[in-house]
Each structure stands twice: as structure tokens, then as C-alpha cells.
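Engineer: Structure file run20.cif, mmCIF, C-alpha atoms and all ligand atoms, is pasted below:
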```cif
data_coords
#
loop_
_atom_site.label_atom_id
_atom_site.label_comp_id
_atom_site.auth_asym_id
_atom_site.auth_seq_id
_atom_site.Cartn_x
_atom_site.Cartn_y
_atom_site.Cartn_z
CA MET A 1 23.28 10.76 14.98
CA SER A 2 24.29 7.45 13.44
CA ASN A 3 22.82 6.82 9.98
CA PRO A 4 21.90 3.17 9.63
CA SER A 5 22.67 1.74 6.22
CA PHE A 6 19.04 1.07 5.29
CA ILE A 7 15.75 1.90 7.01
CA ILE A 8 12.23 0.59 6.58
CA VAL A 9 9.22 2.82 7.24
CA ALA A 10 5.79 1.16 7.35
CA ILE A 11 2.64 3.29 6.93
CA ASP A 12 -0.73 1.65 7.37
CA GLY A 13 -4.24 3.06 7.54
CA GLY A 14 -7.71 2.94 6.04
CA ALA A 15 -8.79 4.13 2.61
CA ALA A 16 -7.98 7.79 1.93
CA SER A 17 -6.27 8.20 5.31
CA GLY A 18 -3.36 10.10 3.74
CA LYS A 19 -0.88 7.25 3.30
CA SER A 20 0.10 8.01 -0.29
CA SER A 21 0.56 11.76 0.14
CA THR A 22 2.65 11.37 3.28
CA SER A 23 4.77 8.49 2.01
CA ARG A 24 5.60 10.23 -1.28
CA ILE A 25 6.83 13.33 0.57
CA LEU A 26 8.83 11.27 3.06
CA ALA A 27 10.39 9.30 0.18
CA ASP A 28 11.60 12.60 -1.31
CA GLN A 29 12.80 14.03 2.00
CA PHE A 30 14.85 10.98 2.96
CA ASN A 31 15.56 9.48 -0.48
CA LEU A 32 13.58 6.30 0.14
CA LEU A 33 11.91 3.99 -2.37
CA HIS A 34 8.15 4.58 -2.20
CA VAL A 35 6.09 1.39 -2.37
CA ASP A 36 2.30 1.66 -2.59
CA THR A 37 1.09 -1.89 -1.94
CA GLY A 38 -2.54 -0.83 -2.49
CA SER A 39 -1.60 -0.29 -6.14
CA PHE A 40 -0.34 -3.90 -6.25
CA TYR A 41 -3.68 -5.25 -4.97
CA ARG A 42 -5.45 -2.96 -7.43
CA HIS A 43 -3.32 -4.14 -10.35
CA ILE A 44 -3.94 -7.81 -9.54
CA THR A 45 -7.66 -7.07 -9.20
CA ALA A 46 -7.79 -5.32 -12.59
CA GLU A 47 -5.91 -8.21 -14.20
CA LEU A 48 -8.19 -10.87 -12.68
CA LEU A 49 -11.28 -8.92 -13.70
CA ARG A 50 -9.83 -8.62 -17.22
CA ARG A 51 -9.35 -12.39 -17.27
CA GLN A 52 -12.88 -12.83 -15.91
CA VAL A 53 -11.69 -14.79 -12.87
CA PRO A 54 -14.21 -14.13 -10.08
CA TYR A 55 -12.97 -13.99 -6.48
CA THR A 56 -15.53 -16.65 -5.65
CA ASP A 57 -13.89 -19.28 -7.91
CA LEU A 58 -10.88 -20.38 -5.86
CA PRO A 59 -9.51 -23.06 -8.23
CA ALA A 60 -9.60 -20.65 -11.20
CA LEU A 61 -8.13 -17.93 -9.02
CA LYS A 62 -5.22 -20.13 -7.88
CA ASN A 63 -4.58 -21.15 -11.44
CA ALA A 64 -4.54 -17.56 -12.66
CA LEU A 65 -2.34 -16.37 -9.77
CA GLY A 66 0.20 -19.08 -10.54
CA SER A 67 0.52 -17.85 -14.11
CA LEU A 68 1.21 -14.18 -13.30
CA ARG A 69 4.82 -12.92 -13.49
CA PHE A 70 5.68 -9.96 -11.27
CA THR A 71 8.56 -7.57 -11.87
CA THR A 72 9.26 -3.99 -10.82
CA GLN A 73 10.08 -0.79 -12.65
CA LEU A 74 10.75 2.60 -11.12
CA ALA A 75 8.75 5.75 -11.82
CA GLY A 76 10.85 8.38 -10.08
CA ARG A 77 11.11 7.19 -6.48
CA SER A 78 8.05 4.92 -6.74
CA ALA A 79 8.06 1.19 -7.39
CA GLN A 80 5.62 0.11 -10.09
CA MET A 81 4.57 -3.50 -10.23
CA LEU A 82 4.50 -5.03 -13.71
CA ILE A 83 2.33 -8.05 -14.39
CA ASP A 84 3.68 -10.08 -17.29
CA GLY A 85 5.80 -7.08 -18.21
CA LEU A 86 2.97 -4.53 -18.20
CA PRO A 87 2.36 -1.62 -15.78
CA ALA A 88 -1.07 -0.92 -14.30
CA GLY A 89 -3.41 1.31 -16.30
CA ASP A 90 -5.55 4.18 -15.02
CA GLU A 91 -8.44 1.75 -14.51
CA ILE A 92 -6.91 0.62 -11.19
CA ARG A 93 -8.39 3.82 -9.62
CA ASP A 94 -11.82 3.31 -11.21
CA GLN A 95 -14.97 2.48 -9.30
CA ARG A 96 -15.04 -1.10 -10.67
CA VAL A 97 -11.68 -1.87 -9.06
CA ASN A 98 -12.64 0.08 -5.90
CA GLU A 99 -15.65 -2.18 -5.54
CA HIS A 100 -13.76 -5.44 -6.11
CA VAL A 101 -10.30 -4.96 -4.65
CA SER A 102 -11.15 -5.69 -1.00
CA HIS A 103 -12.85 -8.96 -2.01
CA TYR A 104 -9.75 -10.20 -3.84
CA ALA A 105 -7.45 -8.84 -1.12
CA ALA A 106 -9.31 -10.90 1.52
CA ILE A 107 -8.30 -14.17 -0.15
CA PRO A 108 -5.23 -15.72 1.55
CA GLU A 109 -3.83 -17.01 -1.78
CA VAL A 110 -3.85 -13.49 -3.20
CA ARG A 111 -2.05 -12.12 -0.12
CA GLN A 112 0.43 -15.00 -0.18
CA THR A 113 1.18 -14.32 -3.85
CA LEU A 114 2.18 -10.75 -3.01
CA LEU A 115 4.05 -11.44 0.24
CA ALA A 116 7.51 -12.29 -1.15
CA TYR A 117 7.16 -9.71 -3.92
CA GLN A 118 6.52 -6.97 -1.34
CA ARG A 119 9.43 -8.02 0.87
CA GLY A 120 11.59 -8.20 -2.25
CA GLN A 121 11.25 -4.42 -2.65
CA VAL A 122 14.12 -4.14 -0.16
CA GLU A 123 16.46 -5.60 -2.79
CA VAL A 124 14.98 -3.30 -5.45
CA ALA A 125 15.62 -0.27 -3.20
CA GLN A 126 19.16 -1.41 -2.41
CA ALA A 127 19.96 -2.12 -6.05
CA HIS A 128 18.99 1.49 -6.86
CA GLN A 129 20.95 3.00 -3.96
CA PHE A 130 17.98 4.24 -1.98
CA ARG A 131 18.62 4.81 1.73
CA GLY A 132 15.61 2.71 2.63
CA LEU A 133 12.00 2.26 1.70
CA VAL A 134 8.65 3.61 2.78
CA MET A 135 5.90 1.08 2.20
CA GLU A 136 2.21 1.90 2.58
CA GLY A 137 -0.74 -0.46 2.91
CA ARG A 138 -2.89 -2.22 5.48
CA ASP A 139 -0.61 -4.92 6.94
CA ILE A 140 2.89 -3.54 6.44
CA GLY A 141 3.69 -2.99 10.13
CA SER A 142 1.77 -6.06 11.28
CA VAL A 143 2.73 -8.70 8.67
CA ILE A 144 5.11 -7.60 5.91
CA PHE A 145 7.71 -5.77 8.01
CA PRO A 146 6.83 -6.18 11.71
CA ALA A 147 10.44 -5.29 12.58
CA ALA A 148 10.41 -2.08 10.48
CA ASP A 149 12.42 0.81 11.94
CA PHE A 150 9.23 2.92 12.07
CA ARG A 151 5.64 1.78 11.96
CA PHE A 152 2.96 4.46 11.59
CA PHE A 153 -0.79 3.98 11.57
CA LEU A 154 -2.86 6.82 10.12
CA HIS A 155 -6.40 7.50 11.25
CA ALA A 156 -8.87 10.09 9.93
CA ASP A 157 -12.54 10.69 10.41
CA PRO A 158 -14.58 9.00 7.60
CA VAL A 159 -16.34 12.26 6.67
CA GLU A 160 -12.98 13.99 6.29
CA ARG A 161 -11.67 11.09 4.17
CA ALA A 162 -14.70 11.22 1.88
CA LYS A 163 -14.05 14.97 1.44
CA ARG A 164 -10.44 14.27 0.47
CA ARG A 165 -11.48 11.81 -2.23
CA ALA A 166 -14.14 14.21 -3.53
CA ALA A 167 -11.50 16.98 -3.68
CA GLU A 168 -9.41 14.65 -5.87
CA GLY A 169 -12.48 14.32 -8.12
CA ARG A 170 -12.69 10.58 -7.41
CA GLN A 171 -15.46 8.29 -6.35
CA ASP A 172 -14.55 5.63 -3.80
CA SER A 173 -16.21 3.01 -1.60
CA ILE A 174 -14.25 4.12 1.47
CA ALA A 175 -16.57 2.87 4.23
CA GLU A 176 -17.28 -0.46 2.53
CA ARG A 177 -13.61 -1.12 1.78
CA ASP A 178 -12.64 -0.30 5.36
CA ARG A 179 -15.34 -2.63 6.65
CA LEU A 180 -14.14 -5.50 4.46
CA ASP A 181 -10.42 -4.78 5.03
CA SER A 182 -10.84 -4.64 8.84
CA SER A 183 -13.04 -7.71 9.16
CA ARG A 184 -11.16 -10.20 6.98
CA LYS A 185 -9.44 -13.14 8.70
CA THR A 186 -6.06 -12.84 6.97
CA SER A 187 -3.97 -9.75 7.76
CA PRO A 188 -6.84 -7.41 8.67
CA LEU A 189 -6.41 -3.65 8.75
CA LYS A 190 -5.50 -2.82 12.33
CA SER A 191 -2.95 -0.81 14.23
CA SER A 192 -0.36 -3.24 15.59
CA ALA A 193 1.29 -3.08 19.01
CA GLY A 194 4.10 -0.55 19.06
CA ALA A 195 2.88 1.35 15.98
CA ILE A 196 2.77 5.15 16.18
CA ASP A 197 -0.87 6.18 15.80
CA ILE A 198 -1.53 9.52 14.13
CA ASP A 199 -4.99 11.07 13.75
CA SER A 200 -4.86 13.44 10.79
CA THR A 201 -8.52 14.57 10.93
CA HIS A 202 -7.68 18.05 12.21
CA GLN A 203 -4.14 18.31 10.90
CA SER A 204 -2.82 19.54 7.57
CA LEU A 205 -0.74 17.26 5.37
CA GLU A 206 2.31 19.40 6.26
CA GLN A 207 1.74 18.91 9.99
CA VAL A 208 1.37 15.14 9.66
CA VAL A 209 4.48 14.86 7.49
CA ALA A 210 6.46 17.06 9.87
CA ALA A 211 5.60 14.81 12.82
CA MET A 212 6.56 11.68 10.91
CA ALA A 213 9.75 13.21 9.52
CA ALA A 214 10.83 14.32 13.00
CA THR A 215 10.48 10.74 14.21
CA ILE A 216 12.39 9.29 11.24
CA ALA A 217 15.11 11.93 11.65
CA THR A 218 16.02 10.38 15.00
CA LYS A 219 17.63 7.59 12.95
CA LEU A 220 18.30 9.03 9.49
CA SER A 221 19.01 12.63 8.53
CA PRO A 222 16.94 14.10 5.69
CA VAL A 223 18.83 14.55 2.38
O1 LIG A 301 -4.34 1.72 -0.42
P1 LIG A 301 -5.54 1.48 -1.37
O2 LIG A 301 -6.78 2.11 -0.85
O3 LIG A 301 -5.22 1.88 -2.77
O4 LIG A 301 -5.72 -0.11 -1.33
C1 LIG A 301 -6.67 -0.76 -2.15
C2 LIG A 301 -7.14 -2.02 -1.47
O5 LIG A 301 -6.09 -2.99 -1.46
C3 LIG A 301 -7.60 -1.89 -0.03
O6 LIG A 301 -8.96 -1.58 0.07
C4 LIG A 301 -7.30 -3.25 0.54
C5 LIG A 301 -6.14 -3.77 -0.28
N1 LIG A 301 -4.86 -3.72 0.41
C6 LIG A 301 -4.58 -4.71 1.30
O7 LIG A 301 -5.42 -5.56 1.56
N2 LIG A 301 -3.36 -4.76 1.89
C7 LIG A 301 -2.43 -3.84 1.64
N3 LIG A 301 -1.23 -3.92 2.23
C8 LIG A 301 -2.72 -2.79 0.75
C9 LIG A 301 -3.97 -2.73 0.16
#
```
Please go through the file and, once you have read it, give me the structure as C-alpha cells.

Structural biologist:
Amino acid sequence: MSNPSFIIVAIDGGAASGKSSTSRILADQFNLLHVDTGSFYRHITAELLRRQVPYTDLPALKNALGSLRFTTQLAGRSAQMLIDGLPAGDEIRDQRVNEHVSHYAAIPEVRQTLLAYQRGQVEVAQAHQFRGLVMEGRDIGSVIFPAADFRFFLHADPVERAKRRAAEGRQDSIAERDRLDSSRKTSPLKSSAGAIDIDSTHQSLEQVVAAMAATIATKLSPV
């Protein structure tokens, strides 16, 4: 097997479809940088809410977006986005952000603001000697890295996904976020042509990871 110098793995799927759990494990197994782009949208949302910039006020929104400075710090194998030097707080997983994030994420200017930053994680990964990156989100395989080495799309029954969130002790607007994320005009949540679709409803996390790892191992051996 030939090991390419750097691989990109894209994992997309709806809310609570298992993206974070699978991508963290794959990052460890293959020594990849783990990039959770949902946390970036959540951090921007929390910051705009803090600044009292509503998603309905486009001029104020553009103005605020233009003033934000994005940098990256590592937490283990995960990339953390800093806004004006500060990491996200726990509030990015709260119900207030859950309820607002899809509205902000539907605005093209917000997506455009994050586009180059997300692609720039390749340089972050290379600078820290990772063998590649695994990036999770909604539009990674369709928009951010359409030429990624592997593009996975995770599906799971909504009832099962709600159970997973409840087991984590968290409240989430799963169905509403999926509805908004799938129906927006810019970069909607959808499986793109050539992506590997995986339905995890009746599979354990270990089974899903094993299937993904076996596919990745056709190009890169685990560490
Ligand atoms: O992955 P998550 O559930 O934490 O993502 C939070 C929200 O961020 C999600 O409902 C929509 C938005 N998002 C997006 O629009 N595009 C991405 N690549 C990642 C997340």
C-alpha cells in the first residue's frame, strides 16, 4: 500500500448523526487533525448573540463578521477556533445556540467568512505533522473539500438520534435544525455524488468506525 503524504476525510450528516464520535476515533487511529466545523458555526453564533447582532440585520451582521479575527489552537488532535484570541465556551452546546445556529449558518456571508478558514486547516494540520485531516460538518464533501480522498455521509433515524442526545444529557432541536440546514439555498445539507452513505441506525459506533477505517486503510495505514 502506498501512503500518500496527506489525506483529507470529509464526514457530513445531520444533527447527532454520529459525526463527532466517529471522526474523533478516526483522528486517533490514523493520526489526523480533527476539525469539527459545527463548533465553528456555533462559536460564531454565540459571539454574534453576545454582540446582539440578529441574523435578520444583514448590514450589522456583515459589519460584525468583518471585525472578527479567527485563529486556531490545538486541543489534543482537535482544532479549536479562536475568535479574537478566545476559545468557545460551554454555551456553544446550550439550547440558545442550538436554536439560533442554523439561522446564522444559512446566511451566505457567514458561510463565506468561514470558507477560507476551514480550508486553511490543511496548513494547520501540516504545520503540526498530522498525516491528514478529518473534517466534519454539513457541506465538507460537497463544498469545502469536494476532492477529498474520502467523503462519508452519515444517516440515522431521527428517533435514534434524539435518543443519543438524551443519553448525553443534552437538549437539542435536531429535527428543526435538520429542516433548516437541508432547505437553505447556500450549501444545504445533502449527500453529494460519489459520497459513501452509511446508515448507523442499527449499527454500533464500533461497527460504523470499523467500516470507515477499513475504507481509509486502502490509502493510509493506521498508526
Ligand atoms: O455539527 P453541529 O450539529 O454541531 O452543527 C451546528 C450547526 O452548524 C448545524 O445545525 C448547521 C451548522 N453547520 C453548517 O451549516 N455547516 C457545517 N459545515 C457545519 C455546521

Engineer: Between A:Asp199, A:Asp149, A:Asp157, A:Asp94, which one has atoms that come closest to ligand LIG 301 (chain A), using all atoms listed in the file?

Structural biologist: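 Comparing A:Asp199, A:Asp149, A:Asp157, A:Asp94 against ligand LIG 301 (chain A), the winner is A:Asp94.
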
Engineer: Return as a VMD selection string every polymer residue, whether protein, DNA or RNA, with at least one atom no more than 9 Å from an atom of ligand LIG 301 (chain A); count all atoms listed in the file.

Structural biologist: chain A and resid 12 to 17 19 to 20 36 to 42 45 92 to 93 97 to 106 111 135 to 140 143 to 144 173 to 174 176 to 178 180 to 181 187 to 189

Engineer: When you count all atoms listed in the file, which of these residues is closest to Glu91 of chain A: A:Arg119, A:Arg131, A:His43, A:Arg51?

Structural biologist: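 When distances to Glu91 of chain A are compared using all atoms listed in the file, the smallest one comes from A:His43.
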
Engineer: Expressed in Å to a single decimal, how great is the separation between atom CA of Ile7 of chain A and atom CA of Leu133 of chain A?

Structural biologist: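 Going from atom CA of Ile7 of chain A over to atom CA of Leu133 of chain A, I get 6.5 Å.
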
Engineer: Please compute the atom CA of Asp90 of chain A-atom CA of Val124 of chain A distance, one decimal, in Å.

Structural biologist: 23.9 Å

Engineer: Measuring between only C-alpha atoms, which one of A:Leu65, A:Ala175, A:Met212, A:Ala162 shows the shortest distance to Leu114 of chain A?

Structural biologist: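 The shortest atom-to-atom distance to Leu114 of chain A comes from A:Leu65.
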